[in-house]
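A.B. asks: My questions will all concern the structure given below.
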Amino acid sequence: GPTCVLGIDLGTTSVKAALVTGTERGLALAQSCSKETQAHSDSSGAAPQGMEQDVQKIIRALNECLAALPQQQLQQVTHIGISGQMHGVVFWKSDKGCKWSESGPGPAFEADKVSHLVTWQDGRCSPTFLSSLPLPQSHVSLATGFGCATVFWYSKNSPDFLKAYDAAGTIQDYVVAMLCDLRKPLMSVQNAASWGYFNCRNKSWNTEILKNSGFPVHLLPEVGDPGSIAGRTTCAWHGIPQGAKVGIALGDFQCSVYSCLTERTDAVLNISTSAQLTISMPLGFQPPEAPDPSSAVTYFPYFNGDYLAVAASLNGGNVLAAFVGMVAQWAQELGFQVEESAIYPRIIQAALAQKHSKLSVQPTIFGERHLPELLASVSSIGASELSLGHVTRALCRGLVENLCSMFPVQQLQELGVSRILGSGSALARNEVLRQEVERIFPFPVLYGKDVDAAVGAAMVM
């Protein structure tokens with residue numbers, strides 16, 4: 001049969017598996033399956049700022065995903081590409097990280113001597129704590145939720161916790177290590193850059209800086225190029241033949257962009273839980289040696305030595321979800337029971353009826369990495385602008401304007417952008433957001449070319 005590639009994405013809320021096959025016209029999605037992980041877990045040591053997930057539940061969702069795919073096609077898989085949420089960190093015992101067992105058509109593994117995953121959303125590293133850490137030799141500013149910052153936090157606040165483990169990586173690095181039985185985790189440049197304290201120019205950790213600050217450098221993974229092979233499967237995993245090639249784990253963001261970016265002059269605008277505006281940098285571009293902490297644009301390592309310029313906002317669909325939650329709570333306090341799922345279409349309809357609103361909403365309720373203290377505000381409030389339609393319209397406009405302030409139109413034009421590819425669940429479901437994108441950005445916008453990190457991970461292979 002045709003060569004079949006399995007792409008996996010280990011996301012913040014769900015796990016997705018996609019089977020991609022080669023056809024005469026190129027790669028085509030044959031089958032896919034997605035399962036919610038429901039893995040959120042209490043963070044006993046860092047509550048209420050901590051954000052952790054139960055790795056056992058993530059792996060369970062992954063096993064359920066693979067069990068739902070057709071056996072015949074899984075048996076034809078020759079390569080596996082894996083992406084997942086960046087910045088976060090999970091710890092494990094290298095020889096006891098999982099347990100293999102026979103289940104269904106082939107062996108599967110379950111998480112064993114593994115910590116919780118401390119996710120990219122984790123907030124335990126306060127600005128004061130971060131300022132107490134040594135300055136990285138990197139083009140990326142350090143932020144809470146970054147793997148190295150979290151390890152520093154444990155080494156200073158709970159050193160005994162770290163003594164139980166001898167390996168660490170992102171959740172996707174963990175899965176690759178289990179599949180290939182790697183004694184020492186292997187991490188791509190993409191994930192290493194997202195951890196902080198990594199120099200992309202010479203592809204190495206800031207080992208001396210970290211050592212001198214008491215950081216447990218033995219936990220740092222080895223680093224390889226995105227697109228390279230990490231190893232081969234040691235078991236016939238879910239019927240996938242033993243010896244299938246497994247790629248080094250990739251960043252979900254880069255794989256999402258890879259799945260839809262066709263022209264270097266395209267910018268990708270993705271609004272789902274959070275929001276990103278991305279463009280490929282010119283060939284040969286190298287990021288600055290040191291970060292500009294006040295800059296909203298960061299440079300992500302991509303593939304083949306290329307970089308993406310990214311305005312990554314922490315405020316996207318999660319802000320709309322918070323607004324809907326607030327409306328539902330107000331209704332409840334007034335004695336009415338309204339399902340949040342019923343509120344979404346109504347506020348969008350109300351906003352579609354209000355083409356303009358003088359109301360101005362700064363929607364940054366989650367702050368921004370470059371301005372963590374920047375919270376939301378509402379101004380220009382007039383008596384005639386208080387309807388649900390006016391407020392929703394202004395909120396949607398504010399979300400797009402916030403992204404535009406991070407990556408201004410003039411900068412996009414200077415980089416040669418000729419078109420915007422609009423993607424993401426929030427953009428797909430919300431016509432008001434789409435109208436505001438077209439009003440604020442002076443480029444043609446193409447929708448429907450949705451980003452898919454699982455498919456992107458497969459395409460890279």
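To be explicit about the labels: the chains of the structure tokens are called A, B, and onward in the order shown, and within each one the residues are counted from 1, while ligands get numbers from 1 in the order they are shown.
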Name the residues in contact with A:Gln49 at a cut-off of 9 Å, using only C-alpha atoms, excluding same-chain residues fewer than 4 positions from it; report them as a CSV table (one decimal) with C-alpha atoms, in the first residue's frame.

C.D. replies:
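What landed in part-v7.csv:
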```
chain,number,residue,atom,x,y,z
A,43,SER,CA,-1.4,22.4,41.4
A,122,ASP,CA,1.5,28.2,34.3
A,123,GLY,CA,1.9,31.5,36.2
A,124,ARG,CA,4.0,30.4,39.3
A,125,CYS,CA,7.0,32.5,38.1
```

A.B. asks: Please report as a tab-separated table every residue of stretch 79-152 of chain A lying within 9 Å of stretch 349-372 of chain A, along with the nearest atom pair and their distance in Å (one decimal), using only C-alpha atoms.

C.D. replies:
```
residue	atom	partner	partner_atom	distance
A:Pro127	CA	A:Pro372	CA	8.3
A:Ser141	CA	A:His370	CA	8.5
A:Ala143	CA	A:Arg369	CA	6.8
A:Thr144	CA	A:Arg369	CA	8.6
```

A.B. asks: What are the DSSP strand (DSSP E) residues of stretch 349-440 of chain A, as a PDB file with all heavy atoms, in the first residue's frame?

C.D. replies:
```
ATOM      1  N   SER A 360     -14.622  51.618  23.019  1.00  0.00           N
ATOM      2  CA  SER A 360     -13.267  51.108  22.791  1.00  0.00           C
ATOM      3  C   SER A 360     -12.910  50.096  23.881  1.00  0.00           C
ATOM      4  O   SER A 360     -12.975  50.429  25.075  1.00  0.00           O
ATOM      5  CB  SER A 360     -12.266  52.268  22.802  1.00  0.00           C
ATOM      6  OG  SER A 360     -10.960  51.776  22.650  1.00  0.00           O
ATOM      7  N   VAL A 361     -12.557  48.890  23.467  1.00  0.00           N
ATOM      8  CA  VAL A 361     -12.209  47.830  24.429  1.00  0.00           C
ATOM      9  C   VAL A 361     -10.752  47.415  24.243  1.00  0.00           C
ATOM     10  O   VAL A 361     -10.342  47.036  23.146  1.00  0.00           O
ATOM     11  CB  VAL A 361     -13.123  46.588  24.248  1.00  0.00           C
ATOM     12  CG1 VAL A 361     -12.684  45.470  25.190  1.00  0.00           C
ATOM     13  CG2 VAL A 361     -14.584  46.945  24.491  1.00  0.00           C
ATOM     14  N   GLN A 362      -9.978  47.552  25.310  1.00  0.00           N
ATOM     15  CA  GLN A 362      -8.625  46.966  25.348  1.00  0.00           C
ATOM     16  C   GLN A 362      -8.825  45.587  25.994  1.00  0.00           C
ATOM     17  O   GLN A 362      -9.100  45.496  27.184  1.00  0.00           O
ATOM     18  CB  GLN A 362      -7.706  47.843  26.210  1.00  0.00           C
ATOM     19  CG  GLN A 362      -6.331  47.268  26.500  1.00  0.00           C
ATOM     20  CD  GLN A 362      -5.412  47.277  25.300  1.00  0.00           C
ATOM     21  OE1 GLN A 362      -5.368  48.241  24.559  1.00  0.00           O
ATOM     22  NE2 GLN A 362      -4.678  46.193  25.110  1.00  0.00           N
ATOM     23  N   SER A 377      -9.333  47.219  29.649  1.00  0.00           N
ATOM     24  CA  SER A 377     -10.048  48.448  30.005  1.00  0.00           C
ATOM     25  C   SER A 377     -11.096  48.736  28.943  1.00  0.00           C
ATOM     26  O   SER A 377     -11.000  48.254  27.814  1.00  0.00           O
ATOM     27  CB  SER A 377      -9.073  49.634  30.106  1.00  0.00           C
ATOM     28  OG  SER A 377      -8.454  49.853  28.849  1.00  0.00           O
ATOM     29  N   VAL A 378     -12.099  49.523  29.317  1.00  0.00           N
ATOM     30  CA  VAL A 378     -13.154  49.953  28.389  1.00  0.00           C
ATOM     31  C   VAL A 378     -13.247  51.467  28.475  1.00  0.00           C
ATOM     32  O   VAL A 378     -13.278  52.024  29.572  1.00  0.00           O
ATOM     33  CB  VAL A 378     -14.524  49.315  28.724  1.00  0.00           C
ATOM     34  CG1 VAL A 378     -15.569  49.705  27.685  1.00  0.00           C
ATOM     35  CG2 VAL A 378     -14.417  47.801  28.821  1.00  0.00           C
ATOM     36  N   SER A 379     -13.250  52.132  27.328  1.00  0.00           N
ATOM     37  CA  SER A 379     -13.326  53.605  27.332  1.00  0.00           C
ATOM     38  C   SER A 379     -14.300  54.079  26.253  1.00  0.00           C
ATOM     39  O   SER A 379     -14.846  53.268  25.496  1.00  0.00           O
ATOM     40  CB  SER A 379     -11.941  54.213  27.117  1.00  0.00           C
ATOM     41  OG  SER A 379     -11.386  53.757  25.897  1.00  0.00           O
ATOM     42  N   ARG A 419      -0.906  38.843   1.435  1.00  0.00           N
ATOM     43  CA  ARG A 419      -2.191  38.176   1.703  1.00  0.00           C
ATOM     44  C   ARG A 419      -2.175  37.642   3.133  1.00  0.00           C
ATOM     45  O   ARG A 419      -1.131  37.319   3.678  1.00  0.00           O
ATOM     46  CB  ARG A 419      -2.352  37.022   0.710  1.00  0.00           C
ATOM     47  CG  ARG A 419      -3.632  36.226   0.838  1.00  0.00           C
ATOM     48  CD  ARG A 419      -3.752  35.192  -0.262  1.00  0.00           C
ATOM     49  NE  ARG A 419      -2.765  34.120  -0.144  1.00  0.00           N
ATOM     50  CZ  ARG A 419      -2.816  32.977  -0.809  1.00  0.00           C
ATOM     51  NH1 ARG A 419      -3.797  32.760  -1.663  1.00  0.00           N
ATOM     52  NH2 ARG A 419      -1.888  32.050  -0.642  1.00  0.00           N
ATOM     53  N   ILE A 420      -3.361  37.557   3.741  1.00  0.00           N
ATOM     54  CA  ILE A 420      -3.493  36.978   5.081  1.00  0.00           C
ATOM     55  C   ILE A 420      -4.307  35.691   4.983  1.00  0.00           C
ATOM     56  O   ILE A 420      -5.369  35.660   4.344  1.00  0.00           O
ATOM     57  CB  ILE A 420      -4.160  37.966   6.061  1.00  0.00           C
ATOM     58  CG1 ILE A 420      -3.180  39.097   6.419  1.00  0.00           C
ATOM     59  CG2 ILE A 420      -4.611  37.258   7.334  1.00  0.00           C
ATOM     60  CD1 ILE A 420      -3.743  40.140   7.354  1.00  0.00           C
ATOM     61  N   LEU A 421      -3.796  34.618   5.595  1.00  0.00           N
ATOM     62  CA  LEU A 421      -4.543  33.365   5.710  1.00  0.00           C
ATOM     63  C   LEU A 421      -5.181  33.354   7.092  1.00  0.00           C
ATOM     64  O   LEU A 421      -4.477  33.328   8.105  1.00  0.00           O
ATOM     65  CB  LEU A 421      -3.609  32.157   5.546  1.00  0.00           C
ATOM     66  CG  LEU A 421      -2.761  32.086   4.271  1.00  0.00           C
ATOM     67  CD1 LEU A 421      -1.888  30.837   4.284  1.00  0.00           C
ATOM     68  CD2 LEU A 421      -3.648  32.098   3.032  1.00  0.00           C
ATOM     69  N   GLY A 422      -6.504  33.431   7.141  1.00  0.00           N
ATOM     70  CA  GLY A 422      -7.220  33.454   8.413  1.00  0.00           C
ATOM     71  C   GLY A 422      -7.606  32.050   8.843  1.00  0.00           C
ATOM     72  O   GLY A 422      -8.160  31.290   8.059  1.00  0.00           O
ATOM     73  N   SER A 423      -7.280  31.709  10.092  1.00  0.00           N
ATOM     74  CA  SER A 423      -7.572  30.354  10.566  1.00  0.00           C
ATOM     75  C   SER A 423      -7.890  30.371  12.054  1.00  0.00           C
ATOM     76  O   SER A 423      -7.751  31.395  12.720  1.00  0.00           O
ATOM     77  CB  SER A 423      -6.362  29.445  10.297  1.00  0.00           C
ATOM     78  OG  SER A 423      -5.255  29.888  11.057  1.00  0.00           O
TER      79      SER A 423
END
```

A.B. asks: Compile a residue-level contact table for stretch 157-184 of chain A against stretch 2-14 of chain A at a cut-off of 12 Å, reporting for every qualifying residue the shortest atom pair and its distance in Å to one decimal, with only C-alpha atoms counted, rows ordered by chain and ascending number, as a Markdown table.

C.D. replies:
```
| residue | atom | partner | partner_atom | distance |
| --- | --- | --- | --- | --- |
| A:Thr170 | CA | A:Leu10 | CA | 10.1 |
| A:Ile171 | CA | A:Leu10 | CA | 7.4 |
| A:Gln172 | CA | A:Leu10 | CA | 6.7 |
| A:Asp173 | CA | A:Leu10 | CA | 10.5 |
| A:Tyr174 | CA | A:Leu10 | CA | 10.9 |
| A:Val175 | CA | A:Leu10 | CA | 9.5 |
| A:Val176 | CA | A:Ile8 | CA | 10.8 |
```

A.B. asks: Could you pull out all residues of stretch 113-318 of chain A with a DSSP call of helix (DSSP H, G or I) and give them as number ranges by chain?

C.D. replies: A: 127-131, 147-157, 159-163, 171-180, 189-195, 207-211, 217-219, 237-239, 252-258, 317-318

A.B. asks: Using only C-alpha atoms, pick whichever of A:Gln31, A:Thr37, A:Ser213, A:Thr150 has the shortest atom-to-atom distance to A:Gln72.

C.D. replies: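 Counting only C-alpha atoms, the residue closest to A:Gln72 is A:Gln31.
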
A.B. asks: Please, what distance in Å, to one decimal, runs between atom CA of A:Arg264 and atom CA of A:Pro444?

C.D. replies: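 It comes out at 15.1 Å.
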
A.B. asks: May I have the residues within 10 Å of A:Arg429 as a PDB file with C-alpha atoms, in the first residue's frame, using only C-alpha atoms and disregarding those fewer than 2 positions away in the same chain?

C.D. replies:
```
ATOM      1  CA  SER A 272      -8.417  30.141  18.616  1.00  0.00           C
ATOM      2  CA  TYR A 344     -22.530  32.763  21.589  1.00  0.00           C
ATOM      3  CA  PRO A 345     -24.823  32.870  18.502  1.00  0.00           C
ATOM      4  CA  ILE A 348     -22.744  37.491  17.366  1.00  0.00           C
ATOM      5  CA  GLY A 424      -8.583  29.084  13.992  1.00  0.00           C
ATOM      6  CA  SER A 425     -11.831  28.079  15.662  1.00  0.00           C
ATOM      7  CA  ALA A 426     -12.730  31.548  16.997  1.00  0.00           C
ATOM      8  CA  LEU A 427     -12.312  33.126  13.551  1.00  0.00           C
ATOM      9  CA  GLU A 431     -18.379  36.558  11.435  1.00  0.00           C
ATOM     10  CA  VAL A 432     -17.923  39.757  13.458  1.00  0.00           C
ATOM     11  CA  LEU A 433     -14.260  38.900  14.073  1.00  0.00           C
ATOM     12  CA  ARG A 434     -13.797  38.253  10.345  1.00  0.00           C
TER      13      ARG A 434
END
```

A.B. asks: Can you measure atom CA of A:Val310 to atom CA of A:Gln276 for me? One decimal in Å is fine.

C.D. replies: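 Value for the atom CA of A:Val310-atom CA of A:Gln276 distance: 6.6 Å.
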
A.B. asks: A:Pro159, A:Pro241, A:Gly305, A:Pro185: which is nearest A:His218, counting only C-alpha atoms?

C.D. replies: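 Among the listed residues, the smallest separation from A:His218 belongs to A:Pro185.
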
A.B. asks: Can you list, as number ranges by chain, every protein, DNA or RNA residue that comes within 12 Å of A:Pro282 when you count only C-alpha atoms, leaving out same-chain residues fewer than 4 positions away?

C.D. replies: A: 263-265, 286-287, 305-309, 414-417

A.B. asks: Go ahead and write the selection's residues with N, CA, C and O atoms as a compact mmCIF listing (two decimals), in the first residue's frame.

C.D. replies:
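Dumped to result06.txt:
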```txt
# COMPACT_ATOMS: atom_id res chain seq x y z
N GLU A 263 3.03 30.35 0.52
CA GLU A 263 3.86 31.41 -0.07
C GLU A 263 4.58 32.17 1.04
O GLU A 263 3.99 32.43 2.09
N ARG A 264 5.82 32.56 0.78
CA ARG A 264 6.57 33.31 1.79
C ARG A 264 5.94 34.68 2.06
O ARG A 264 6.21 35.31 3.09
N THR A 265 5.12 35.15 1.11
CA THR A 265 4.48 36.48 1.29
C THR A 265 3.14 36.39 2.00
O THR A 265 2.45 37.38 2.16
N GLN A 286 18.81 36.07 10.74
CA GLN A 286 19.23 35.59 12.06
C GLN A 286 18.65 36.53 13.12
O GLN A 286 18.69 37.75 12.96
N PRO A 287 18.09 35.98 14.19
CA PRO A 287 17.52 36.85 15.23
C PRO A 287 18.61 37.62 15.95
O PRO A 287 19.78 37.23 15.90
N GLY A 305 16.54 26.04 9.05
CA GLY A 305 17.25 27.25 9.45
C GLY A 305 16.46 28.52 9.32
O GLY A 305 16.96 29.61 9.60
N ASP A 306 15.21 28.44 8.86
CA ASP A 306 14.36 29.64 8.72
C ASP A 306 13.76 30.05 10.06
O ASP A 306 13.71 29.25 11.01
N TYR A 307 13.25 31.29 10.09
CA TYR A 307 12.58 31.79 11.29
C TYR A 307 11.20 32.36 10.93
O TYR A 307 11.00 32.85 9.82
N LEU A 308 10.29 32.28 11.89
CA LEU A 308 9.00 32.94 11.79
C LEU A 308 9.01 34.15 12.70
O LEU A 308 9.49 34.07 13.85
N ALA A 309 8.50 35.28 12.21
CA ALA A 309 8.26 36.44 13.09
C ALA A 309 6.83 36.29 13.59
O ALA A 309 5.89 36.14 12.80
N GLU A 414 6.38 46.17 4.99
CA GLU A 414 7.84 46.18 4.77
C GLU A 414 8.41 44.78 4.59
O GLU A 414 9.41 44.59 3.90
N LEU A 415 7.77 43.79 5.22
CA LEU A 415 8.21 42.40 5.09
C LEU A 415 7.64 41.72 3.84
O LEU A 415 7.87 40.54 3.61
N GLY A 416 6.85 42.49 3.07
CA GLY A 416 6.36 41.97 1.79
C GLY A 416 5.08 41.17 1.85
O GLY A 416 4.77 40.42 0.91
N VAL A 417 4.30 41.32 2.92
CA VAL A 417 3.04 40.56 3.02
C VAL A 417 2.09 41.00 1.92
O VAL A 417 1.89 42.19 1.68
```

A.B. asks: To one decimal place, how far is atom CA of A:Glu102 from atom CA of A:Ile240 in Å?

C.D. replies: 13.3 Å

A.B. asks: Using only C-alpha atoms, which residues sit within 7 Å of stretch 402-406 of chain A once same-chain residues fewer than 2 positions away are excluded, as a tab-separated table (two decimals) with all heavy atoms, in the first residue's frame?

C.D. replies:
```
chain	number	residue	atom	x	y	z
A	296	ALA	N	6.80	43.13	21.00
A	296	ALA	CA	5.71	42.15	20.98
A	296	ALA	C	5.98	41.03	19.98
A	296	ALA	O	5.29	40.02	19.98
A	296	ALA	CB	4.40	42.84	20.64
A	297	VAL	N	6.96	41.23	19.10
A	297	VAL	CA	7.26	40.23	18.06
A	297	VAL	C	8.45	39.39	18.51
A	297	VAL	O	9.48	39.92	18.91
A	297	VAL	CB	7.57	40.90	16.70
A	297	VAL	CG1	8.03	39.89	15.67
A	297	VAL	CG2	6.33	41.65	16.20
A	311	ALA	N	3.75	37.57	16.35
A	311	ALA	CA	3.10	38.32	17.42
A	311	ALA	C	2.14	37.33	18.08
A	311	ALA	O	1.13	36.97	17.49
A	311	ALA	CB	2.36	39.52	16.87
A	313	SER	N	-0.30	36.65	20.92
A	313	SER	CA	-1.11	37.27	21.97
A	313	SER	C	-1.69	36.20	22.90
A	313	SER	O	-2.10	35.14	22.44
A	313	SER	CB	-2.25	38.08	21.34
A	313	SER	OG	-3.13	38.53	22.35
A	398	GLY	N	-11.53	45.10	19.35
A	398	GLY	CA	-10.40	45.24	20.27
A	398	GLY	C	-9.42	44.08	20.17
A	398	GLY	O	-8.20	44.29	20.23
A	399	LEU	N	-9.93	42.87	20.00
A	399	LEU	CA	-9.04	41.70	19.87
A	399	LEU	C	-8.15	41.81	18.63
A	399	LEU	O	-6.95	41.53	18.68
A	399	LEU	CB	-9.88	40.42	19.80
A	399	LEU	CG	-10.46	39.92	21.13
A	399	LEU	CD1	-11.47	38.80	20.88
A	399	LEU	CD2	-9.35	39.42	22.05
A	400	VAL	N	-8.76	42.26	17.52
A	400	VAL	CA	-7.99	42.39	16.27
A	400	VAL	C	-7.02	43.58	16.37
A	400	VAL	O	-5.87	43.50	15.95
A	400	VAL	CB	-8.93	42.53	15.05
A	400	VAL	CG1	-8.12	42.63	13.76
A	400	VAL	CG2	-9.89	41.33	14.98
A	408	PRO	N	2.34	45.85	13.60
A	408	PRO	CA	1.66	46.91	12.83
A	408	PRO	C	1.66	46.63	11.33
A	408	PRO	O	2.55	45.97	10.79
A	408	PRO	CB	2.48	48.16	13.15
A	408	PRO	CG	3.17	47.86	14.43
A	408	PRO	CD	3.44	46.38	14.40
A	409	VAL	N	0.64	47.19	10.66
A	409	VAL	CA	0.46	47.01	9.22
A	409	VAL	C	1.71	47.44	8.44
A	409	VAL	O	2.15	46.75	7.52
A	409	VAL	CB	-0.78	47.81	8.74
A	409	VAL	CG1	-0.81	47.90	7.22
A	409	VAL	CG2	-2.06	47.15	9.26
```

A.B. asks: Given only C-alpha atoms, how would the per-residue table for stretch 68-127 of chain A near stretch 244-252 of chain A read, listing every residue at most 8 Å away with its closest atom pair and distance in Å to one decimal, sorted by chain and number, as CSV?

C.D. replies:
```
residue,atom,partner,partner_atom,distance
A:Val77,CA,A:Ala244,CA,7.0
A:Thr78,CA,A:Ala244,CA,4.9
A:His79,CA,A:Lys245,CA,4.7
A:Ile80,CA,A:Val246,CA,4.8
A:Gly81,CA,A:Gly247,CA,5.2
A:Ile82,CA,A:Ala249,CA,5.2
A:Ser83,CA,A:Leu250,CA,4.5
A:Gly84,CA,A:Asp252,CA,4.8
A:Gln85,CA,A:Asp252,CA,5.7
A:Met86,CA,A:Gly251,CA,5.7
```

A.B. asks: Nearest residue to A:Trp100 out of A:Phe443, A:Phe323, A:Trp237, A:Phe285, using only C-alpha atoms?

C.D. replies: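 Of A:Phe443, A:Phe323, A:Trp237, A:Phe285, the one nearest A:Trp100, counting only C-alpha atoms, is A:Trp237.
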
A.B. asks: Can you tell me, as an MDAnalysis selection string, what residues are no more than 9 Å from A:Lys57 when counting only C-alpha atoms, ignoring any on the same chain fewer than 5 positions away?

C.D. replies: chainID A and resid 37:39 62 111

A.B. asks: Just all heavy atoms for this one: save the residues we selected as an mmCIF file, in the first residue's frame.

C.D. replies:
```
data_model
loop_
_atom_site.group_PDB
_atom_site.id
_atom_site.type_symbol
_atom_site.label_atom_id
_atom_site.label_comp_id
_atom_site.auth_asym_id
_atom_site.auth_seq_id
_atom_site.Cartn_x
_atom_site.Cartn_y
_atom_site.Cartn_z
ATOM 1 N N THR A 37 -8.669 15.735 26.390
ATOM 2 C CA THR A 37 -7.872 15.070 27.428
ATOM 3 C C THR A 37 -8.512 15.190 28.809
ATOM 4 O O THR A 37 -8.362 14.294 29.633
ATOM 5 C CB THR A 37 -6.462 15.690 27.497
ATOM 6 O OG1 THR A 37 -6.588 17.100 27.721
ATOM 7 C CG2 THR A 37 -5.696 15.448 26.215
ATOM 8 N N GLN A 38 -9.210 16.309 29.058
ATOM 9 C CA GLN A 38 -9.784 16.584 30.387
ATOM 10 C C GLN A 38 -8.735 16.320 31.453
ATOM 11 O O GLN A 38 -8.982 15.671 32.467
ATOM 12 C CB GLN A 38 -11.046 15.737 30.611
ATOM 13 C CG GLN A 38 -12.142 16.108 29.622
ATOM 14 C CD GLN A 38 -13.379 15.245 29.738
ATOM 15 O OE1 GLN A 38 -13.301 14.079 30.118
ATOM 16 N NE2 GLN A 38 -14.522 15.793 29.402
ATOM 17 N N ALA A 39 -7.522 16.824 31.200
ATOM 18 C CA ALA A 39 -6.367 16.479 32.030
ATOM 19 C C ALA A 39 -6.017 17.543 33.064
ATOM 20 O O ALA A 39 -5.049 17.385 33.802
ATOM 21 C CB ALA A 39 -5.153 16.230 31.129
ATOM 22 N N LEU A 62 -4.532 9.814 24.000
ATOM 23 C CA LEU A 62 -3.748 9.444 22.821
ATOM 24 C C LEU A 62 -4.025 7.991 22.422
ATOM 25 O O LEU A 62 -4.240 7.689 21.238
ATOM 26 C CB LEU A 62 -2.252 9.639 23.109
ATOM 27 C CG LEU A 62 -1.269 9.184 22.036
ATOM 28 C CD1 LEU A 62 -1.524 9.892 20.703
ATOM 29 C CD2 LEU A 62 0.173 9.409 22.493
ATOM 30 N N ALA A 111 1.555 6.092 31.073
ATOM 31 C CA ALA A 111 2.526 6.856 31.860
ATOM 32 C C ALA A 111 2.737 6.181 33.206
ATOM 33 O O ALA A 111 1.793 5.663 33.813
ATOM 34 C CB ALA A 111 2.019 8.283 32.050
#
```
